[in-house]
Amino acid sequence: MNHQQVISLLLDIGDAVCEHVYRSLQTQKVEQLSAVVKDAEEDTIYAIDREVEDIILPMLEKEAAALGGIHLIAEGMGETGSVLLPEGIKENEAALRIIMDPIDGTRGIMYNKRSAFFLAAAAPNQPGEMYLHDLEVAVMTEIPTSKAYLSDAFFARRGQGAQARQKNLLSGEVKPLSFRPSGSPTIIGGFAQIARFFPPGKSLLAEIEEELVLTLADVVPGKALVFEDQYISSGGQLYELLCGHDRFVADLRTALYRQLEKSGTVTGLCCHPYDVCATLIGEEAGIHITDIYGQPLNVPLNLTHSVDWIGYANAAIRQEVEPVLQNIFKKLNWIV
């Protein structure tokens with residue numbers, strides 16, 4: 001696997017997706033972009049998602065033979081979300097496996113509310129099931145709203161750290177971008193949150209967050225202990241950790257829904273592997289990313305697996321927060 005070649009290709013695709021969506025936001029109405037074209041098992045596919053397929057597949061097809069063949073796993077791509085390139089190649093013949101979320105944060109960007117992200121990661125293809133820890137390179141590219149003009153892109157190779165660059169979408173200028181996750185030893189006084197995007201179960205997640213914060217700090221009249229930012233995008237959550245904006249984030253919807261299902265409650269949308277495929281960038285930047293058991297996050301590279309993940313900006317914040325969270329999870333019987 002030529003790591004630099006793959007990173008460059010994924011960055012180019014991310015740029016192309018970004019520029020297409022950026023233009024679409026300026027020329028199409030919300031009703032056009034938000035039209036539902038497919039209700040897939042993994043998620044709802046909107047018109048804005050479908051548009052970028054015609055950009056991504058030709059770019060991959062052009063390089064597929066030189067890369068030894070590609071097995072692409074991508075939300076909403078093709079009929080099944082699994083595509084083999086070049087045409088006619090068999091799954092076990094492909095040298096490269098890529099997992100991709102062409103637009104992570106579709107709901108935010110199609111209403112022109114907040115940046116979405118192109119997410120992609122790759123590994124040498126192996127027979128059978130592969131996992132997050134098999135991924136050797138990752139890329140994430142910001143797709144800004146129509147009122148913005150800068151797009152940040154992050155990329156990493158396992159064991160070699162994370163890098164970033166910024167592109168001016170008006171001039172085309174690209175320059176290196178420096179970034180650093182928060183160095184604070186505490187979540188108190190900063191942005192820290194448990195994701196609770198929609199019902200059911202929002203109240204329970206809020207209770208967990210409140211218990212966590214009140215265990216770590218005493219309420220002071222007239223003072224805020226922590227601030228929250230419900231960014232409806234896993235890529236966006238990772239971005240906020242990378243840039244030092246957020247100190248802690250947890251997406252616990254899978255564990256929550258397992259509990260709610262016991263009482264017959266109809267549950268909602270979970271995080272999936274393609275949503276977290278770029279976490280290698282966070283790990284290479286020093287962010288601690290785990291599952292609810294405190295183990296390094298490692299999930300199958302497919303479209304349907306449900307994922308819980310927790311991100312700590314640094315080791316000190318993990319040391320502060322994780323023991324309290326683990327105790328709460330045990331009380332809820334989410335972990336043994």
# chains A, B, ... in the order shown; residues from 1 in each chain; ligands from 1
>>> residues_around(residues="Gln319 (chain A)", least_positions_apart="6", cutoff="12 Å", atoms="only C-alpha atoms", output="VMD selection string")
chain A and resid 185 to 187 216 248 288 294 312 to 313 325 to 326
>>> select_by_dssp(residues="region 53-272 of chain A", states="strand (DSSP E)", output="number ranges by chain")
A: 70-74, 82-85, 96-104, 116-124, 137-143, 150-157, 162-168, 174-176, 191-194, 246-251
>>> closest_residue(among="A:Lys62, A:Arg50, A:Arg247, A:His20", to="Gly190 (chain A)", atoms="only C-alpha atoms")
A:Arg247
>>> residues_around(residues="region 80-89 of chain A", least_positions_apart="5", cutoff="8 Å", atoms="only C-alpha atoms", output="PyMOL selection string")
chain A and resi 60-61+64-65+69-75+94+303
>>> write_last_selection(atoms="N, CA and C atoms", output="PDB file, in the first residue's frame")
ATOM      1  N   LEU A  60     -12.178   7.380  -7.964  1.00  0.00           N
ATOM      2  CA  LEU A  60     -11.625   6.110  -7.484  1.00  0.00           C
ATOM      3  C   LEU A  60     -11.334   5.171  -8.651  1.00  0.00           C
ATOM      4  N   GLU A  61     -12.252   5.128  -9.612  1.00  0.00           N
ATOM      5  CA  GLU A  61     -12.097   4.249 -10.773  1.00  0.00           C
ATOM      6  C   GLU A  61     -10.816   4.570 -11.534  1.00  0.00           C
ATOM      7  N   ALA A  64      -7.956   3.093  -9.450  1.00  0.00           N
ATOM      8  CA  ALA A  64      -8.139   1.764  -8.854  1.00  0.00           C
ATOM      9  C   ALA A  64      -7.121   0.742  -9.341  1.00  0.00           C
ATOM     10  N   ALA A  65      -6.893   0.682 -10.638  1.00  0.00           N
ATOM     11  CA  ALA A  65      -5.957  -0.312 -11.173  1.00  0.00           C
ATOM     12  C   ALA A  65      -4.540  -0.070 -10.655  1.00  0.00           C
ATOM     13  N   GLY A  69      -6.591  -2.372  -7.116  1.00  0.00           N
ATOM     14  CA  GLY A  69      -8.003  -2.692  -6.901  1.00  0.00           C
ATOM     15  C   GLY A  69      -8.490  -2.171  -5.567  1.00  0.00           C
ATOM     16  N   ILE A  70      -9.747  -1.730  -5.544  1.00  0.00           N
ATOM     17  CA  ILE A  70     -10.329  -1.113  -4.344  1.00  0.00           C
ATOM     18  C   ILE A  70     -11.637  -1.794  -3.984  1.00  0.00           C
ATOM     19  N   HIS A  71     -11.788  -2.108  -2.714  1.00  0.00           N
ATOM     20  CA  HIS A  71     -13.084  -2.501  -2.162  1.00  0.00           C
ATOM     21  C   HIS A  71     -13.564  -1.326  -1.319  1.00  0.00           C
ATOM     22  N   LEU A  72     -14.581  -0.626  -1.810  1.00  0.00           N
ATOM     23  CA  LEU A  72     -15.110   0.567  -1.148  1.00  0.00           C
ATOM     24  C   LEU A  72     -16.350   0.214  -0.344  1.00  0.00           C
ATOM     25  N   ILE A  73     -16.358   0.645   0.911  1.00  0.00           N
ATOM     26  CA  ILE A  73     -17.533   0.537   1.778  1.00  0.00           C
ATOM     27  C   ILE A  73     -17.957   1.964   2.097  1.00  0.00           C
ATOM     28  N   ALA A  74     -19.134   2.364   1.639  1.00  0.00           N
ATOM     29  CA  ALA A  74     -19.532   3.757   1.804  1.00  0.00           C
ATOM     30  C   ALA A  74     -21.038   3.883   1.929  1.00  0.00           C
ATOM     31  N   GLU A  75     -21.458   4.673   2.882  1.00  0.00           N
ATOM     32  CA  GLU A  75     -22.878   4.922   3.093  1.00  0.00           C
ATOM     33  C   GLU A  75     -23.513   5.492   1.828  1.00  0.00           C
ATOM     34  N   ALA A  94      -8.883  -7.344  -4.550  1.00  0.00           N
ATOM     35  CA  ALA A  94      -8.601  -5.924  -4.314  1.00  0.00           C
ATOM     36  C   ALA A  94      -7.470  -5.768  -3.297  1.00  0.00           C
ATOM     37  N   LEU A 303     -21.459  -1.247   7.379  1.00  0.00           N
ATOM     38  CA  LEU A 303     -22.394  -0.125   7.364  1.00  0.00           C
ATOM     39  C   LEU A 303     -23.428  -0.172   8.473  1.00  0.00           C
TER      40      LEU A 303
END
>>> atom_distance(atom1="CA of Leu205 (chain A)", atom2="CA of Phe329 (chain A)")
11.2 Å
>>> select_by_dssp(residues="region 97-303 of chain A", states="alpha helix (DSSP H)", output="short mmCIF file (atom, residue, chain, number, x, y, z; two decimals) with C-alpha atoms, in the first residue's frame")
data_model
loop_
_atom_site.label_atom_id
_atom_site.label_comp_id
_atom_site.auth_asym_id
_atom_site.auth_seq_id
_atom_site.Cartn_x
_atom_site.Cartn_y
_atom_site.Cartn_z
CA THR A 106 -25.81 15.82 6.10
CA ARG A 107 -28.68 17.24 8.12
CA GLY A 108 -26.67 20.24 9.23
CA ILE A 109 -25.18 21.10 5.86
CA MET A 110 -28.28 20.55 3.71
CA LYS A 202 -32.58 12.37 25.80
CA SER A 203 -33.61 12.86 29.43
CA LEU A 204 -31.58 9.85 30.62
CA LEU A 205 -28.48 11.02 28.73
CA ALA A 206 -28.90 14.47 30.29
CA GLU A 207 -29.11 12.88 33.74
CA ILE A 208 -25.86 10.98 33.11
CA GLU A 209 -24.13 14.17 31.99
CA GLU A 210 -25.41 16.11 35.00
CA GLU A 211 -24.35 13.40 37.45
CA LEU A 212 -20.91 13.33 35.86
CA VAL A 213 -20.42 17.09 36.12
CA LEU A 214 -21.82 17.42 39.64
CA THR A 215 -19.57 14.61 40.82
CA LEU A 216 -16.55 16.50 39.54
CA SER A 234 -19.36 12.53 14.48
CA GLY A 235 -16.80 14.16 12.20
CA GLY A 236 -17.78 17.52 13.62
CA GLN A 237 -17.35 16.23 17.17
CA LEU A 238 -13.88 14.93 16.28
CA TYR A 239 -13.06 18.27 14.64
CA GLU A 240 -13.96 20.16 17.82
CA LEU A 241 -11.69 17.87 19.86
CA LEU A 242 -8.83 18.24 17.36
CA ARG A 253 -26.82 5.91 21.91
CA THR A 254 -26.14 2.20 21.36
CA ALA A 255 -25.99 1.42 25.08
CA LEU A 256 -28.99 3.67 25.70
CA TYR A 257 -31.10 1.97 23.03
CA ARG A 258 -30.21 -1.50 24.30
CA GLN A 259 -31.75 -0.49 27.62
CA LEU A 260 -34.80 1.17 26.09
CA GLU A 261 -35.51 -1.85 23.89
CA LYS A 262 -36.00 -3.95 27.03
CA THR A 279 -10.74 8.50 14.51
CA LEU A 280 -7.19 7.46 13.61
CA ILE A 281 -6.54 11.19 13.10
CA GLY A 282 -7.66 11.92 16.64
CA GLU A 283 -5.56 9.10 18.07
CA GLU A 284 -2.49 10.30 16.18
#
>>> residues_around(residues="Leu135 (chain A)", least_positions_apart="3", cutoff="8 Å", atoms="only C-alpha atoms", output="list in words")
Ala121, Ala122, Ala123, Pro124, Tyr131, Leu132, Ala138, Arg158 and Leu280 of chain A
>>> write_last_selection(atoms="C-alpha atoms", output="mmCIF file, in the first residue's frame")
data_model
loop_
_atom_site.group_PDB
_atom_site.id
_atom_site.type_symbol
_atom_site.label_atom_id
_atom_site.label_comp_id
_atom_site.auth_asym_id
_atom_site.auth_seq_id
_atom_site.Cartn_x
_atom_site.Cartn_y
_atom_site.Cartn_z
ATOM 1 C CA ALA A 121 -9.868 5.786 5.779
ATOM 2 C CA ALA A 122 -7.999 2.914 4.145
ATOM 3 C CA ALA A 123 -6.080 -0.267 4.849
ATOM 4 C CA PRO A 124 -4.510 -3.123 2.895
ATOM 5 C CA TYR A 131 -11.742 -3.576 11.900
ATOM 6 C CA LEU A 132 -11.046 0.042 12.748
ATOM 7 C CA ALA A 138 -7.397 8.523 7.381
ATOM 8 C CA ARG A 158 -0.745 5.295 11.735
ATOM 9 C CA LEU A 280 -7.186 7.461 13.608
#
>>> closest_atom_pairs(of="region 109-222 of chain A", to="region 1-14 of chain A", cutoff="7 Å", atoms="only C-alpha atoms", output="JSON lines")
{"residue": "A:Phe118", "atom": "CA", "partner": "A:Gly14", "partner_atom": "CA", "distance": 5.7}
{"residue": "A:Ala120", "atom": "CA", "partner": "A:Leu10", "partner_atom": "CA", "distance": 6.9}
{"residue": "A:Pro124", "atom": "CA", "partner": "A:Met1", "partner_atom": "CA", "distance": 6.2}
{"residue": "A:Val137", "atom": "CA", "partner": "A:Ile7", "partner_atom": "CA", "distance": 6.7}
{"residue": "A:Val139", "atom": "CA", "partner": "A:Leu10", "partner_atom": "CA", "distance": 6.5}
{"residue": "A:Thr141", "atom": "CA", "partner": "A:Gly14", "partner_atom": "CA", "distance": 5.6}
>>> write_last_selection(atoms="N, CA and C atoms", output="PDB file, in the first residue's frame")
ATOM      1  N   PHE A 118     -16.322  15.292   4.967  1.00  0.00           N
ATOM      2  CA  PHE A 118     -16.009  14.098   4.186  1.00  0.00           C
ATOM      3  C   PHE A 118     -15.050  13.274   5.028  1.00  0.00           C
ATOM      4  N   ALA A 120     -12.893   9.509   5.353  1.00  0.00           N
ATOM      5  CA  ALA A 120     -12.449   8.305   4.648  1.00  0.00           C
ATOM      6  C   ALA A 120     -11.197   7.750   5.303  1.00  0.00           C
ATOM      7  N   PRO A 124      -4.701  -1.997   3.813  1.00  0.00           N
ATOM      8  CA  PRO A 124      -4.510  -3.123   2.895  1.00  0.00           C
ATOM      9  C   PRO A 124      -5.660  -4.113   3.062  1.00  0.00           C
ATOM     10  N   VAL A 137      -4.428   4.723   7.171  1.00  0.00           N
ATOM     11  CA  VAL A 137      -4.467   6.157   6.854  1.00  0.00           C
ATOM     12  C   VAL A 137      -5.906   6.637   6.988  1.00  0.00           C
ATOM     13  N   VAL A 139      -8.481  10.443   6.439  1.00  0.00           N
ATOM     14  CA  VAL A 139      -8.619  11.819   5.960  1.00  0.00           C
ATOM     15  C   VAL A 139      -9.992  12.339   6.375  1.00  0.00           C
ATOM     16  N   THR A 141     -12.261  16.055   5.637  1.00  0.00           N
ATOM     17  CA  THR A 141     -12.271  17.360   4.978  1.00  0.00           C
ATOM     18  C   THR A 141     -13.553  18.091   5.328  1.00  0.00           C
TER      19      THR A 141
END
>>> atom_distance(atom1="CA of Gln163 (chain A)", atom2="CA of Leu297 (chain A)")
21.1 Å
>>> residues_around(residues="Glu53 (chain A)", least_positions_apart="3", cutoff="8 Å", atoms="only C-alpha atoms", output="VMD selection string")
chain A and resid 49 to 50 56 to 57 77 to 78
>>> write_last_selection(atoms="C-alpha atoms", output="PDB file, in the first residue's frame")
ATOM      1  CA  ASP A  49     -25.747  12.649  -0.570  1.00  0.00           C
ATOM      2  CA  ARG A  50     -26.630  11.095  -3.915  1.00  0.00           C
ATOM      3  CA  ILE A  56     -16.387   9.924  -5.973  1.00  0.00           C
ATOM      4  CA  LEU A  57     -16.693   6.781  -8.080  1.00  0.00           C
ATOM      5  CA  MET A  77     -22.834   4.303  -2.468  1.00  0.00           C
ATOM      6  CA  GLY A  78     -24.126   2.072  -5.246  1.00  0.00           C
TER       7      GLY A  78
END
